[in-house]
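What follows is a set of notes on a single structure, which appears directly below.
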Amino acid sequence: AEEKLNEQIDLAGKELVYLDSVLDALARAENERDLAEIRAALKEQGYIRSLRSKKEKPAGISEPLSFTTSDGFTVLVGRNNRQNDKLTLKLANNNDVWFHVKNIPGSHTVLVTDGRSPTPTAMEEAAVLAAQHSKAKGSGQVPVDYTQVRNVSKPQGSRPGMVIYVNYKTIYV
């Protein structure tokens with residue numbers, strides 16, 4: 001019984017992390033399209049039932065937010081778990097730099113390098129964007145992990161937005 005309970009506690013912990021990330025995405029949703037994407041992700045995961053309606057269209061995945069750093073680099077920021085997956089696993093190049101607030105739900109943020117070496121200013125501005133689009137946005141010092149996109153992977157069978165990463169460094173912004 002203890003072995004099964006420990007298994008269930010571990011599963012419940014993972015569920016809590018996922019639902020916390022959904023709650024964070026809901027708090028940052030800006031329009032009905034954002035809400036529709038979150039709703040579609042919850043349907044995919046079996047959290048809410050789909051009411052078969054002729055009016056209901058499947059929600060596609062919209063594009064991530066795009067910003068330009070003061071020195072000309074593009075920074076892309078996911079707004080929900082499905083967008084985070086698309087951004088990190090499909091849109092980003094292996095040499096781009098991936099950012100995420102350490103151990104706190106938030107957006108996957110990618111500094112697009114286009115083959116250039118990122119400047120310290122671009123790195124800091126991307127880290128600030130990662131912090132601003134997370135649950136830690138009101139904190140004074142936020143630890144943000146960063147690594148090349150090639151070091152980020154999705155464990156098989158994991159929920160949307162959940163990734164693991166290696167060979168990272170942490171910047172405080």
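As shown in the structure tokens, the chain order sets the letters A, B, ...; within each chain, residues go from 1, and ligands are also counted from 1 in the order they appear.
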Backbone DSSP call of strand (DSSP E) for chain A, listed as JSON, numbers by chain
{"A": [65, 66, 67, 68, 74, 75, 76, 77, 97, 98, 99, 100, 101, 109, 110, 111, 112, 143, 144, 145, 146, 147, 148, 152, 153, 164, 165, 169, 170, 171, 172]}
Counting only C-alpha atoms, which residues of stretch 73-164 of chain A fall within 8 Å of stretch 4-21 of chain A, and what is the closest atom pair for each with its distance in Å at one decimal, ordered by chain and rising number, as a tab-separated table?
residue	atom	partner	partner_atom	distance
A:Asn81	CA	A:Ser21	CA	7.4
A:Pro105	CA	A:Ser21	CA	4.9
A:Gly106	CA	A:Ser21	CA	6.7
A:Arg159	CA	A:Tyr18	CA	7.1
A:Met162	CA	A:Tyr18	CA	7.7
Would you mind exporting N, CA and C atoms of the selected residues as a PDB file, in the first residue's frame?
ATOM      1  N   ASN A  81       0.572  26.620 -22.470  1.00  0.00           N
ATOM      2  CA  ASN A  81       1.344  25.383 -22.564  1.00  0.00           C
ATOM      3  C   ASN A  81       1.473  24.866 -23.997  1.00  0.00           C
ATOM      4  N   PRO A 105       5.849  28.246 -12.653  1.00  0.00           N
ATOM      5  CA  PRO A 105       5.152  28.251 -13.942  1.00  0.00           C
ATOM      6  C   PRO A 105       5.352  29.567 -14.691  1.00  0.00           C
ATOM      7  N   GLY A 106       5.532  29.448 -15.989  1.00  0.00           N
ATOM      8  CA  GLY A 106       5.716  30.636 -16.811  1.00  0.00           C
ATOM      9  C   GLY A 106       5.906  30.283 -18.265  1.00  0.00           C
ATOM     10  N   ARG A 159       2.728  16.144 -20.166  1.00  0.00           N
ATOM     11  CA  ARG A 159       1.687  17.124 -20.462  1.00  0.00           C
ATOM     12  C   ARG A 159       2.245  18.259 -21.327  1.00  0.00           C
ATOM     13  N   MET A 162       5.452  20.845 -20.564  1.00  0.00           N
ATOM     14  CA  MET A 162       6.407  20.244 -19.634  1.00  0.00           C
ATOM     15  C   MET A 162       7.645  19.781 -20.402  1.00  0.00           C
TER      16      MET A 162
END
Option closest in space to A:Pro160, from A:Ala27, A:Ala1, A:Leu87, A:Val77 [counting only C-alpha atoms]:
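Checking each of A:Ala27, A:Ala1, A:Leu87, A:Val77 against A:Pro160, counting only C-alpha atoms, the winner is A:Leu87.
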Calculate how many Å separate atom CA of A:Thr113 from atom CA of A:Gln132, rounding to one decimal.
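Spanning atom CA of A:Thr113 to atom CA of A:Gln132 is a straight-line distance of 20.9 Å.
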Straight-line distance linking atom CA of A:Glu37 with atom CA of A:Ala25, stated in Å to one decimal:
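Here the two named atoms are 10.1 Å from each other.
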With a distance cut-off of 9 Å and only C-alpha atoms, select the neighbouring residues of A:Ile164, excluding the residue or stretch itself and same-chain residues fewer than 2 positions from it, and output the selection as a compact mmCIF listing (two decimals) with C-alpha atoms, in the first residue's frame.
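Result file follows (out_3.txt):
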# COMPACT_ATOMS: atom_id res chain seq x y z
CA ASN A 151 19.41 20.98 -24.52
CA VAL A 152 15.62 21.10 -24.02
CA SER A 153 13.50 18.00 -24.54
CA LYS A 154 10.00 16.76 -23.82
CA PRO A 155 9.67 13.53 -21.86
CA MET A 162 6.41 20.24 -19.63
CA VAL A 166 20.34 20.18 -19.15
Long-range neighbours of stretch 64-73 of chain A as a ChimeraX atom specification, 12 Å cut-off, only C-alpha atoms, 5 positions minimum in chain
/A:29-30,34,78-88,91-92,96-97,107-130,133
Would you compute the distance between atom CA of A:Leu35 and atom CA of A:His100? Give it in Å to one decimal.
22.0 Å
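In terms of minimum interatomic distance to A:Tyr168, A:Lys102 ranks closest within A:Tyr47, A:Lys102, A:Asn94, A:Leu26, counting only C-alpha atoms.
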Looking at A:Leu89, A:Val163, A:Val149, A:Ile171, which one is nearest to A:Ala131, with distances taken over only C-alpha atoms?
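Closest to A:Ala131, using only C-alpha atoms: A:Ile171.
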Identify all residues of stretch 90-128 of chain A in alpha helix (DSSP H) (DSSP on the backbone) and supply them as a PyMOL selection string.
chain A and resi 120-128
